[in-house]
Amino acid sequence: MTSPAFAPAVLHVDLDALARNFRTLGAVTGVPVNPVVKADGYGLGAAAVARRLMAEGARTFFVARAAEGVRLREAIGPEPVIYILDGCHGDGAALLKASNLRPVINHPTQLQTWRAAGGGACALQLDTGMNRLGFRVEDAPEPFEGLELVMTHLACADEPANPMNRAQRDAYAAAVQRYPGVTRSFANSGGCFLGPDFAFDVVRPGICLYGGGPEGRPHDRIAPVASLIAQAVQVRDVPAGETVGYSQGFKAERPMRVATCGAGYADGVLRSYSPRGQVFVGGELRPIIGRVSMDVLAVDVTGLDVQAGDPVEIFGANRLIDDAATAAGTISYELLTSITPRVPRVYKG
Ligand SMILES: *Cc1c(COP(=O)(O)O)cnc(C)c1O
């Protein structure tokens with residue numbers, strides 16, 4: 001084996017925790033879990049994620065783009081069903097057929113395109129109020145040859161008390177009566193926790209598999225999966241009155257010990273982590289100081305025994321990704337999908 005290049009930031013992916021979350025979502029809902037592995041498995045690596053979930057019993061996957069589906073098909077072989085949330089567009093229908101991918105048909109043009117390409121197994125998306133993708137319920141097509149699954153998407157699943165959830169559920173339950181015998185798919189991650197009448201036939205979670213959560217999700221049931229660990233690359237004393245980083249983004253009011261850590265926005269540590277971001281280092285949560293720069297960020301480690309080479313957890317078991325996301329003014333989905341290709345993914349389990 002050749003020795004790996006020095007990588008000061010690594011994304012550790014715990015596939016055993018992924019598998020536990022998959023089983024938890026199955027147990028909570030009582031129906032098969034059809035994982036959403038779009039955006040390269042929310043940044044964790046769709047091939048590794050899907051292979052492990054197949055070993056746990058997953059047989060159907062969702063991705064967003066046709067190109068994601070083609071790559072996933074190469075990675076996981078001919079057996080599993082793969083749905084393309086984008087549907088089919090123009091010549092793309094032939095590409096889907098060549099890789100045995102199923103489009104999610106969102107509007108009449110897509111239905112025509114699919115039929116013109118010879119049709120075959122596909123899904124239908126209904127819009128039950130989100131006004132994003134899918135046929136309005138009153139415009140939904142008659143049942144047709146090849147229709148295997150009918151789905152809709154919740155707009156507010158991360159707000160369990162929002163009456164929109166029940167309204168969408170009821171609109172969907174009424175609409176699918178038109179498609180007897182077709183598999184019904186309603187809930188994303190948040191929807192899995194809304195109660196048994198939100199489960200229908202199969203669920204379609206993404207973020208909870210990966211250890212993130214919609215707000216209000218019971219955190220104790222979902223295990224962290226991804227940990228972004230940076231190394232301290234240099235540790236220095238900063239005298240009172242001096243400043244740290246670009247634009248003098250931080251001023252030391254007292255003598256400080258500062259660790260420069262090898263993760264920056266080119267690794268996916270958003271600039272918006274400054275000034276509220278915290279990391280777990282030396283057994284404590286400590287503030288990021290100054291501006292996050294392209295390759296490094298600075299952390300106040302005053303009073304801690306931290307040396308160059310020590311690990312600094314940007315998010316993971318000790319700094320939950322949802323808390324990191326809140327500090328950065330975003331959501332766990334964006335944090336995960338922002339991790340760039342230069343960060344090696346290292347798998348456990
Ligand atoms: C992304 C997506 C999902 C998964 O959503 P999570 O909130 O990550 O569970 C499910 N369905 C559709 C249509 C999606 O676009």
# chains A, B, ... in the order shown; residues from 1 in each chain; ligands from 1
$ closest_atom_pairs --of "chain A" --to "ligand 1" --cutoff "6 Å" --atoms "only C-alpha atoms and all ligand atoms" --output "Markdown table"
| residue | atom | partner | partner_atom_place_in_ligand_line | distance |
| --- | --- | --- | --- | --- |
| A:Val36 | CA | ligand 1 | 4 (C) | 5.6 |
| A:His153 | CA | ligand 1 | 13 (C) | 5.3 |
| A:Asn188 | CA | ligand 1 | 9 (O) | 3.9 |
| A:Ser189 | CA | ligand 1 | 9 (O) | 3.5 |
| A:Arg204 | CA | ligand 1 | 10 (C) | 5.1 |
| A:Pro205 | CA | ligand 1 | 9 (O) | 3.6 |
| A:Gly206 | CA | ligand 1 | 8 (O) | 3.5 |
| A:Ile207 | CA | ligand 1 | 8 (O) | 3.8 |
$ write_last_selection --atoms "N, CA, C and O atoms" --output "CSV table (one decimal), in the first residue's frame"
chain,number,residue,atom,x,y,z
A,36,VAL,N,-32.9,7.7,0.2
A,36,VAL,CA,-32.6,8.8,-0.7
A,36,VAL,C,-31.1,9.0,-0.6
A,36,VAL,O,-30.6,9.4,0.4
A,153,HIS,N,-44.5,15.1,-1.7
A,153,HIS,CA,-43.4,15.5,-0.8
A,153,HIS,C,-43.9,16.5,0.2
A,153,HIS,O,-44.6,17.5,-0.2
A,188,ASN,N,-40.7,11.7,4.0
A,188,ASN,CA,-39.2,11.9,4.0
A,188,ASN,C,-38.8,11.7,5.5
A,188,ASN,O,-39.6,11.2,6.3
A,189,SER,N,-37.6,12.1,5.9
A,189,SER,CA,-37.2,11.9,7.3
A,189,SER,C,-38.1,12.4,8.3
A,189,SER,O,-38.6,11.7,9.2
A,204,ARG,N,-39.2,7.4,2.5
A,204,ARG,CA,-38.2,7.9,1.6
A,204,ARG,C,-37.3,8.9,2.3
A,204,ARG,O,-37.1,10.0,2.0
A,205,PRO,N,-36.6,8.4,3.4
A,205,PRO,CA,-35.8,9.3,4.2
A,205,PRO,C,-34.4,9.5,3.6
A,205,PRO,O,-33.8,8.7,2.9
A,206,GLY,N,-33.9,10.7,3.8
A,206,GLY,CA,-32.5,11.0,3.5
A,206,GLY,C,-31.7,11.4,4.8
A,206,GLY,O,-31.0,10.6,5.4
A,207,ILE,N,-31.9,12.6,5.2
A,207,ILE,CA,-31.0,13.2,6.3
A,207,ILE,C,-30.9,12.4,7.5
A,207,ILE,O,-29.9,12.3,8.1
$ residues_around --residues "Ala48 of chain A" --least-positions-apart "3" --cutoff "12 Å" --atoms "only C-alpha atoms" --output "PDB file with all heavy atoms, in the first residue's frame"
ATOM      1  N   VAL A  13     -17.014   8.322   8.083  1.00  0.00           N
ATOM      2  CA  VAL A  13     -18.391   7.875   7.887  1.00  0.00           C
ATOM      3  C   VAL A  13     -18.561   6.535   8.594  1.00  0.00           C
ATOM      4  O   VAL A  13     -17.895   5.554   8.239  1.00  0.00           O
ATOM      5  CB  VAL A  13     -18.715   7.741   6.381  1.00  0.00           C
ATOM      6  CG1 VAL A  13     -20.142   7.254   6.189  1.00  0.00           C
ATOM      7  CG2 VAL A  13     -18.490   9.069   5.664  1.00  0.00           C
ATOM      8  N   ASP A  14     -19.436   6.502   9.575  1.00  0.00           N
ATOM      9  CA  ASP A  14     -19.667   5.301  10.378  1.00  0.00           C
ATOM     10  C   ASP A  14     -20.832   4.522   9.764  1.00  0.00           C
ATOM     11  O   ASP A  14     -22.008   4.843   9.991  1.00  0.00           O
ATOM     12  CB  ASP A  14     -19.961   5.724  11.821  1.00  0.00           C
ATOM     13  CG  ASP A  14     -20.165   4.530  12.745  1.00  0.00           C
ATOM     14  OD1 ASP A  14     -20.343   3.397  12.246  1.00  0.00           O
ATOM     15  OD2 ASP A  14     -20.167   4.748  13.973  1.00  0.00           O
ATOM     16  N   LEU A  15     -20.492   3.512   8.967  1.00  0.00           N
ATOM     17  CA  LEU A  15     -21.534   2.772   8.239  1.00  0.00           C
ATOM     18  C   LEU A  15     -22.392   1.928   9.186  1.00  0.00           C
ATOM     19  O   LEU A  15     -23.551   1.628   8.869  1.00  0.00           O
ATOM     20  CB  LEU A  15     -20.896   1.900   7.153  1.00  0.00           C
ATOM     21  CG  LEU A  15     -20.197   2.673   6.028  1.00  0.00           C
ATOM     22  CD1 LEU A  15     -19.457   1.718   5.094  1.00  0.00           C
ATOM     23  CD2 LEU A  15     -21.186   3.526   5.232  1.00  0.00           C
ATOM     24  N   ASP A  16     -21.848   1.555  10.346  1.00  0.00           N
ATOM     25  CA  ASP A  16     -22.673   0.835  11.326  1.00  0.00           C
ATOM     26  C   ASP A  16     -23.765   1.757  11.872  1.00  0.00           C
ATOM     27  O   ASP A  16     -24.903   1.331  12.073  1.00  0.00           O
ATOM     28  CB  ASP A  16     -21.811   0.303  12.475  1.00  0.00           C
ATOM     29  CG  ASP A  16     -20.850  -0.785  12.013  1.00  0.00           C
ATOM     30  OD1 ASP A  16     -21.174  -1.489  11.024  1.00  0.00           O
ATOM     31  OD2 ASP A  16     -19.783  -0.933  12.631  1.00  0.00           O
ATOM     32  N   LEU A  18     -25.014   4.289  10.249  1.00  0.00           N
ATOM     33  CA  LEU A  18     -25.949   4.423   9.120  1.00  0.00           C
ATOM     34  C   LEU A  18     -26.950   3.254   9.130  1.00  0.00           C
ATOM     35  O   LEU A  18     -28.158   3.451   8.986  1.00  0.00           O
ATOM     36  CB  LEU A  18     -25.159   4.435   7.817  1.00  0.00           C
ATOM     37  CG  LEU A  18     -25.969   4.359   6.526  1.00  0.00           C
ATOM     38  CD1 LEU A  18     -26.479   5.742   6.135  1.00  0.00           C
ATOM     39  CD2 LEU A  18     -25.133   3.782   5.381  1.00  0.00           C
ATOM     40  N   ALA A  19     -26.429   2.048   9.330  1.00  0.00           N
ATOM     41  CA  ALA A  19     -27.280   0.860   9.333  1.00  0.00           C
ATOM     42  C   ALA A  19     -28.262   0.911  10.505  1.00  0.00           C
ATOM     43  O   ALA A  19     -29.438   0.548  10.356  1.00  0.00           O
ATOM     44  CB  ALA A  19     -26.415  -0.401   9.408  1.00  0.00           C
ATOM     45  N   VAL A  37     -30.391   8.769  -1.753  1.00  0.00           N
ATOM     46  CA  VAL A  37     -28.923   8.866  -1.792  1.00  0.00           C
ATOM     47  C   VAL A  37     -28.472   9.900  -2.825  1.00  0.00           C
ATOM     48  O   VAL A  37     -27.389   9.804  -3.394  1.00  0.00           O
ATOM     49  CB  VAL A  37     -28.261   7.488  -2.040  1.00  0.00           C
ATOM     50  CG1 VAL A  37     -28.565   6.527  -0.900  1.00  0.00           C
ATOM     51  CG2 VAL A  37     -28.713   6.877  -3.366  1.00  0.00           C
ATOM     52  N   ASP A  40     -24.642  12.486  -4.052  1.00  0.00           N
ATOM     53  CA  ASP A  40     -23.602  11.562  -3.587  1.00  0.00           C
ATOM     54  C   ASP A  40     -23.843  11.111  -2.144  1.00  0.00           C
ATOM     55  O   ASP A  40     -22.944  11.120  -1.308  1.00  0.00           O
ATOM     56  CB  ASP A  40     -22.210  12.197  -3.726  1.00  0.00           C
ATOM     57  CG  ASP A  40     -21.095  11.146  -3.721  1.00  0.00           C
ATOM     58  OD1 ASP A  40     -21.372   9.974  -4.058  1.00  0.00           O
ATOM     59  OD2 ASP A  40     -19.960  11.493  -3.373  1.00  0.00           O
ATOM     60  N   GLY A  41     -25.064  10.696  -1.892  1.00  0.00           N
ATOM     61  CA  GLY A  41     -25.400  10.235  -0.538  1.00  0.00           C
ATOM     62  C   GLY A  41     -25.201  11.339   0.482  1.00  0.00           C
ATOM     63  O   GLY A  41     -24.551  11.134   1.502  1.00  0.00           O
ATOM     64  N   TYR A  42     -25.775  12.528   0.187  1.00  0.00           N
ATOM     65  CA  TYR A  42     -25.653  13.711   1.038  1.00  0.00           C
ATOM     66  C   TYR A  42     -24.174  13.968   1.387  1.00  0.00           C
ATOM     67  O   TYR A  42     -23.828  14.345   2.517  1.00  0.00           O
ATOM     68  CB  TYR A  42     -26.496  13.571   2.311  1.00  0.00           C
ATOM     69  CG  TYR A  42     -28.005  13.665   2.095  1.00  0.00           C
ATOM     70  CD1 TYR A  42     -28.624  13.011   1.044  1.00  0.00           C
ATOM     71  CD2 TYR A  42     -28.815  14.404   2.961  1.00  0.00           C
ATOM     72  CE1 TYR A  42     -29.993  13.086   0.850  1.00  0.00           C
ATOM     73  CE2 TYR A  42     -30.193  14.480   2.785  1.00  0.00           C
ATOM     74  CZ  TYR A  42     -30.768  13.819   1.726  1.00  0.00           C
ATOM     75  OH  TYR A  42     -32.133  13.890   1.543  1.00  0.00           O
ATOM     76  N   GLY A  43     -23.311  13.708   0.392  1.00  0.00           N
ATOM     77  CA  GLY A  43     -21.896  14.016   0.565  1.00  0.00           C
ATOM     78  C   GLY A  43     -21.083  12.896   1.181  1.00  0.00           C
ATOM     79  O   GLY A  43     -19.859  12.979   1.225  1.00  0.00           O
ATOM     80  N   LEU A  44     -21.735  11.822   1.636  1.00  0.00           N
ATOM     81  CA  LEU A  44     -20.997  10.765   2.335  1.00  0.00           C
ATOM     82  C   LEU A  44     -20.416   9.720   1.381  1.00  0.00           C
ATOM     83  O   LEU A  44     -19.563   8.930   1.787  1.00  0.00           O
ATOM     84  CB  LEU A  44     -21.905  10.076   3.368  1.00  0.00           C
ATOM     85  CG  LEU A  44     -22.020  10.746   4.743  1.00  0.00           C
ATOM     86  CD1 LEU A  44     -22.433  12.203   4.641  1.00  0.00           C
ATOM     87  CD2 LEU A  44     -23.003   9.991   5.625  1.00  0.00           C
ATOM     88  N   GLY A  45     -20.911   9.725   0.127  1.00  0.00           N
ATOM     89  CA  GLY A  45     -20.467   8.719  -0.852  1.00  0.00           C
ATOM     90  C   GLY A  45     -21.607   7.760  -1.135  1.00  0.00           C
ATOM     91  O   GLY A  45     -21.823   6.805  -0.382  1.00  0.00           O
ATOM     92  N   ARG A  51     -24.364   0.480  -0.864  1.00  0.00           N
ATOM     93  CA  ARG A  51     -23.951  -0.928  -0.695  1.00  0.00           C
ATOM     94  C   ARG A  51     -24.233  -1.397   0.718  1.00  0.00           C
ATOM     95  O   ARG A  51     -24.735  -2.502   0.926  1.00  0.00           O
ATOM     96  CB  ARG A  51     -22.450  -1.082  -1.003  1.00  0.00           C
ATOM     97  CG  ARG A  51     -22.153  -1.029  -2.481  1.00  0.00           C
ATOM     98  CD  ARG A  51     -20.753  -1.587  -2.774  1.00  0.00           C
ATOM     99  NE  ARG A  51     -20.302  -1.116  -4.071  1.00  0.00           N
ATOM    100  CZ  ARG A  51     -19.368  -0.177  -4.259  1.00  0.00           C
ATOM    101  NH1 ARG A  51     -18.755   0.361  -3.221  1.00  0.00           N
ATOM    102  NH2 ARG A  51     -19.052   0.205  -5.467  1.00  0.00           N
ATOM    103  N   ARG A  52     -23.934  -0.557   1.696  1.00  0.00           N
ATOM    104  CA  ARG A  52     -24.185  -0.979   3.074  1.00  0.00           C
ATOM    105  C   ARG A  52     -25.692  -1.121   3.324  1.00  0.00           C
ATOM    106  O   ARG A  52     -26.149  -2.059   3.985  1.00  0.00           O
ATOM    107  CB  ARG A  52     -23.571   0.019   4.070  1.00  0.00           C
ATOM    108  CG  ARG A  52     -23.839  -0.369   5.524  1.00  0.00           C
ATOM    109  CD  ARG A  52     -23.316  -1.795   5.815  1.00  0.00           C
ATOM    110  NE  ARG A  52     -23.779  -2.264   7.111  1.00  0.00           N
ATOM    111  CZ  ARG A  52     -23.070  -2.154   8.222  1.00  0.00           C
ATOM    112  NH1 ARG A  52     -21.874  -1.581   8.209  1.00  0.00           N
ATOM    113  NH2 ARG A  52     -23.559  -2.609   9.352  1.00  0.00           N
ATOM    114  N   LEU A  53     -26.474  -0.203   2.785  1.00  0.00           N
ATOM    115  CA  LEU A  53     -27.921  -0.274   3.019  1.00  0.00           C
ATOM    116  C   LEU A  53     -28.537  -1.467   2.291  1.00  0.00           C
ATOM    117  O   LEU A  53     -29.507  -2.057   2.769  1.00  0.00           O
ATOM    118  CB  LEU A  53     -28.592   1.045   2.615  1.00  0.00           C
ATOM    119  CG  LEU A  53     -28.188   2.236   3.505  1.00  0.00           C
ATOM    120  CD1 LEU A  53     -28.793   3.533   2.990  1.00  0.00           C
ATOM    121  CD2 LEU A  53     -28.592   2.003   4.961  1.00  0.00           C
ATOM    122  N   MET A  54     -27.954  -1.857   1.148  1.00  0.00           N
ATOM    123  CA  MET A  54     -28.421  -3.093   0.499  1.00  0.00           C
ATOM    124  C   MET A  54     -28.178  -4.291   1.409  1.00  0.00           C
ATOM    125  O   MET A  54     -29.021  -5.189   1.513  1.00  0.00           O
ATOM    126  CB  MET A  54     -27.698  -3.292  -0.829  1.00  0.00           C
ATOM    127  CG  MET A  54     -28.254  -2.419  -1.949  1.00  0.00           C
ATOM    128  SD  MET A  54     -27.166  -2.420  -3.383  1.00  0.00           S
ATOM    129  CE  MET A  54     -27.344  -4.111  -3.939  1.00  0.00           C
ATOM    130  N   ALA A  55     -27.032  -4.297   2.072  1.00  0.00           N
ATOM    131  CA  ALA A  55     -26.734  -5.407   2.994  1.00  0.00           C
ATOM    132  C   ALA A  55     -27.742  -5.427   4.146  1.00  0.00           C
ATOM    133  O   ALA A  55     -27.987  -6.475   4.743  1.00  0.00           O
ATOM    134  CB  ALA A  55     -25.304  -5.267   3.529  1.00  0.00           C
ATOM    135  N   LEU A  72     -24.766   5.382  -9.826  1.00  0.00           N
ATOM    136  CA  LEU A  72     -25.207   4.459  -8.769  1.00  0.00           C
ATOM    137  C   LEU A  72     -25.452   3.068  -9.344  1.00  0.00           C
ATOM    138  O   LEU A  72     -25.083   2.064  -8.731  1.00  0.00           O
ATOM    139  CB  LEU A  72     -26.479   5.003  -8.090  1.00  0.00           C
ATOM    140  CG  LEU A  72     -26.970   4.193  -6.899  1.00  0.00           C
ATOM    141  CD1 LEU A  72     -25.952   4.206  -5.749  1.00  0.00           C
ATOM    142  CD2 LEU A  72     -28.323   4.722  -6.401  1.00  0.00           C
ATOM    143  N   ALA A  75     -22.377   1.252  -9.615  1.00  0.00           N
ATOM    144  CA  ALA A  75     -21.797   0.900  -8.313  1.00  0.00           C
ATOM    145  C   ALA A  75     -22.520  -0.258  -7.638  1.00  0.00           C
ATOM    146  O   ALA A  75     -21.897  -1.020  -6.901  1.00  0.00           O
ATOM    147  CB  ALA A  75     -21.808   2.126  -7.388  1.00  0.00           C
ATOM    148  N   ILE A  76     -23.838  -0.386  -7.855  1.00  0.00           N
ATOM    149  CA  ILE A  76     -24.595  -1.351  -7.037  1.00  0.00           C
ATOM    150  C   ILE A  76     -25.201  -2.483  -7.850  1.00  0.00           C
ATOM    151  O   ILE A  76     -25.900  -3.328  -7.288  1.00  0.00           O
ATOM    152  CB  ILE A  76     -25.682  -0.657  -6.174  1.00  0.00           C
ATOM    153  CG1 ILE A  76     -26.780  -0.022  -7.042  1.00  0.00           C
ATOM    154  CG2 ILE A  76     -25.046   0.361  -5.237  1.00  0.00           C
ATOM    155  CD1 ILE A  76     -27.915   0.576  -6.225  1.00  0.00           C
ATOM    156  N   ARG A 345     -13.055  10.662   2.245  1.00  0.00           N
ATOM    157  CA  ARG A 345     -14.085   9.983   3.026  1.00  0.00           C
ATOM    158  C   ARG A 345     -13.471   8.690   3.537  1.00  0.00           C
ATOM    159  O   ARG A 345     -12.962   7.897   2.735  1.00  0.00           O
ATOM    160  CB  ARG A 345     -15.303   9.660   2.152  1.00  0.00           C
ATOM    161  CG  ARG A 345     -16.334  10.784   2.030  1.00  0.00           C
ATOM    162  CD  ARG A 345     -15.846  11.996   1.296  1.00  0.00           C
ATOM    163  NE  ARG A 345     -16.939  12.931   0.992  1.00  0.00           N
ATOM    164  CZ  ARG A 345     -16.757  14.173   0.599  1.00  0.00           C
ATOM    165  NH1 ARG A 345     -15.543  14.672   0.445  1.00  0.00           N
ATOM    166  NH2 ARG A 345     -17.802  14.949   0.352  1.00  0.00           N
ATOM    167  N   VAL A 346     -13.507   8.479   4.818  1.00  0.00           N
ATOM    168  CA  VAL A 346     -12.931   7.276   5.413  1.00  0.00           C
ATOM    169  C   VAL A 346     -14.072   6.517   6.086  1.00  0.00           C
ATOM    170  O   VAL A 346     -14.795   7.076   6.916  1.00  0.00           O
ATOM    171  CB  VAL A 346     -11.827   7.638   6.423  1.00  0.00           C
ATOM    172  CG1 VAL A 346     -11.359   6.400   7.175  1.00  0.00           C
ATOM    173  CG2 VAL A 346     -10.659   8.306   5.702  1.00  0.00           C
ATOM    174  N   TYR A 347     -14.233   5.237   5.696  1.00  0.00           N
ATOM    175  CA  TYR A 347     -15.401   4.477   6.153  1.00  0.00           C
ATOM    176  C   TYR A 347     -15.041   3.520   7.267  1.00  0.00           C
ATOM    177  O   TYR A 347     -13.977   2.906   7.251  1.00  0.00           O
ATOM    178  CB  TYR A 347     -16.000   3.698   4.974  1.00  0.00           C
ATOM    179  CG  TYR A 347     -16.494   4.624   3.904  1.00  0.00           C
ATOM    180  CD1 TYR A 347     -15.690   4.946   2.813  1.00  0.00           C
ATOM    181  CD2 TYR A 347     -17.737   5.229   4.002  1.00  0.00           C
ATOM    182  CE1 TYR A 347     -16.118   5.830   1.841  1.00  0.00           C
ATOM    183  CE2 TYR A 347     -18.177   6.117   3.045  1.00  0.00           C
ATOM    184  CZ  TYR A 347     -17.358   6.423   1.964  1.00  0.00           C
ATOM    185  OH  TYR A 347     -17.791   7.299   1.012  1.00  0.00           O
ATOM    186  N   LYS A 348     -15.971   3.408   8.217  1.00  0.00           N
ATOM    187  CA  LYS A 348     -15.827   2.454   9.319  1.00  0.00           C
ATOM    188  C   LYS A 348     -17.042   1.539   9.289  1.00  0.00           C
ATOM    189  O   LYS A 348     -18.168   2.004   9.126  1.00  0.00           O
ATOM    190  CB  LYS A 348     -15.766   3.247  10.630  1.00  0.00           C
ATOM    191  CG  LYS A 348     -15.572   2.401  11.854  1.00  0.00           C
ATOM    192  CD  LYS A 348     -15.572   3.268  13.121  1.00  0.00           C
ATOM    193  CE  LYS A 348     -16.434   2.591  14.156  1.00  0.00           C
ATOM    194  NZ  LYS A 348     -17.259   3.482  14.939  1.00  0.00           N
ATOM    195  N   GLY A 349     -16.824   0.238   9.449  1.00  0.00           N
ATOM    196  CA  GLY A 349     -17.956  -0.671   9.522  1.00  0.00           C
ATOM    197  C   GLY A 349     -18.189  -1.378   8.191  1.00  0.00           C
ATOM    198  O   GLY A 349     -17.668  -1.008   7.161  1.00  0.00           O
TER     199      GLY A 349
END
$ residues_around --residues "segment 170-187 of chain A" --least-positions-apart "2" --cutoff "8 Å" --atoms "only C-alpha atoms" --output "list in words"
Leu126, Thr128, Val137, Glu142, Pro143, Leu147, Glu148, Leu149, Val150, Met151, Thr152, His153, Leu154, Arg166, Ala167, Gln168, Ser189, Gly190, Gly191, Cys192, Phe198, Ala199, Phe200, Asp201, Val202, Val203, Arg204 and Pro205 of chain A
$ select_by_dssp --residues "segment 162-268 of chain A" --states "strand (DSSP E or B)" --output "list in words"
Thr183, Arg184, Ser185, Val202, Val203, Ala226, Ser227, Leu228, Ile229, Ala230, Gln231, Ala232, Val233, Gln234, Val235, Arg236, Asp237, Val238, Thr243, Val244, Phe250, Lys251, Met256, Arg257, Val258, Ala259, Thr260 and Cys261 of chain A
$ residues_around --residues "segment 310-317 of chain A" --least-positions-apart "3" --cutoff "8 Å" --atoms "only C-alpha atoms" --output "PyMOL selection string"
chain A and resi 224-232+261+278-282+306-307+320-321+324
$ write_last_selection --atoms "N, CA, C and O atoms" --output "CSV table (one decimal), in the first residue's frame"
chain,number,residue,atom,x,y,z
A,224,PRO,N,-25.3,9.8,15.2
A,224,PRO,CA,-24.4,10.6,14.3
A,224,PRO,C,-23.7,9.6,13.4
A,224,PRO,O,-23.3,8.5,13.8
A,225,VAL,N,-23.5,9.9,12.1
A,225,VAL,CA,-22.9,9.1,11.1
A,225,VAL,C,-21.6,9.7,10.6
A,225,VAL,O,-20.6,9.0,10.4
A,226,ALA,N,-21.7,11.0,10.3
A,226,ALA,CA,-20.5,11.7,9.7
A,226,ALA,C,-19.8,12.5,10.7
A,226,ALA,O,-20.5,13.2,11.5
A,227,SER,N,-18.5,12.4,10.7
A,227,SER,CA,-17.7,13.3,11.6
A,227,SER,C,-16.6,14.0,10.7
A,227,SER,O,-15.9,13.3,10.1
A,228,LEU,N,-16.6,15.3,10.8
A,228,LEU,CA,-15.6,16.0,10.0
A,228,LEU,C,-14.5,16.4,11.0
A,228,LEU,O,-14.7,17.2,12.0
A,229,ILE,N,-13.4,15.8,10.9
A,229,ILE,CA,-12.3,15.9,11.8
A,229,ILE,C,-11.1,16.6,11.1
A,229,ILE,O,-10.6,16.1,10.1
A,230,ALA,N,-10.7,17.7,11.7
A,230,ALA,CA,-9.5,18.5,11.1
A,230,ALA,C,-8.4,18.3,12.1
A,230,ALA,O,-8.6,18.0,13.3
A,231,GLN,N,-7.2,18.4,11.6
A,231,GLN,CA,-6.0,18.4,12.5
A,231,GLN,C,-5.6,19.8,12.9
A,231,GLN,O,-5.7,20.7,12.0
A,232,ALA,N,-5.1,20.0,14.1
A,232,ALA,CA,-4.4,21.2,14.4
A,232,ALA,C,-3.1,21.2,13.7
A,232,ALA,O,-2.3,20.2,13.9
A,261,CYS,N,-6.3,25.2,12.4
A,261,CYS,CA,-6.8,23.8,12.1
A,261,CYS,C,-6.9,23.7,10.6
A,261,CYS,O,-7.3,24.7,9.9
A,278,GLN,N,-18.4,26.7,16.8
A,278,GLN,CA,-17.7,26.1,17.8
A,278,GLN,C,-17.2,24.8,17.3
A,278,GLN,O,-17.8,24.1,16.5
A,279,VAL,N,-16.1,24.3,17.8
A,279,VAL,CA,-15.5,23.0,17.5
A,279,VAL,C,-15.2,22.3,18.8
A,279,VAL,O,-15.1,22.9,19.9
A,280,PHE,N,-15.1,20.9,18.7
A,280,PHE,CA,-14.8,20.1,19.9
A,280,PHE,C,-13.3,19.8,19.8
A,280,PHE,O,-12.8,19.1,18.9
A,281,VAL,N,-12.6,20.3,20.8
A,281,VAL,CA,-11.1,20.1,20.8
A,281,VAL,C,-10.6,20.0,22.3
A,281,VAL,O,-11.1,20.7,23.1
A,282,GLY,N,-9.7,19.1,22.5
A,282,GLY,CA,-9.2,18.9,23.9
A,282,GLY,C,-10.2,18.6,24.9
A,282,GLY,O,-10.1,19.0,26.1
A,306,VAL,N,-3.4,21.3,23.9
A,306,VAL,CA,-3.6,20.9,22.5
A,306,VAL,C,-2.3,21.1,21.7
A,306,VAL,O,-1.6,22.2,21.8
A,307,GLN,N,-1.9,20.1,21.0
A,307,GLN,CA,-0.6,20.1,20.2
A,307,GLN,C,-0.9,20.0,18.7
A,307,GLN,O,-2.0,19.5,18.4
A,320,LEU,N,-22.9,18.0,17.5
A,320,LEU,CA,-23.9,17.5,16.6
A,320,LEU,C,-24.1,18.3,15.4
A,320,LEU,O,-24.0,19.6,15.5
A,321,ILE,N,-24.2,17.7,14.2
A,321,ILE,CA,-24.2,18.4,13.0
A,321,ILE,C,-25.4,19.5,12.9
A,321,ILE,O,-25.2,20.5,12.4
A,324,ALA,N,-24.0,22.5,14.8
A,324,ALA,CA,-23.1,23.1,14.0
A,324,ALA,C,-23.8,23.9,12.9
A,324,ALA,O,-23.4,25.1,12.6
$ select_by_dssp --residues "segment 22-238 of chain A" --states "alpha helix (DSSP H)" --output "PyMOL selection string"
chain A and resi 22-29+38-42+46-55+66-76+92-98+108-116+163-175+189-192
$ atom_distance --atom1 "atom CA of Ala325 of chain A" --atom2 "atom CA of Val258 of chain A"
23.1 Å
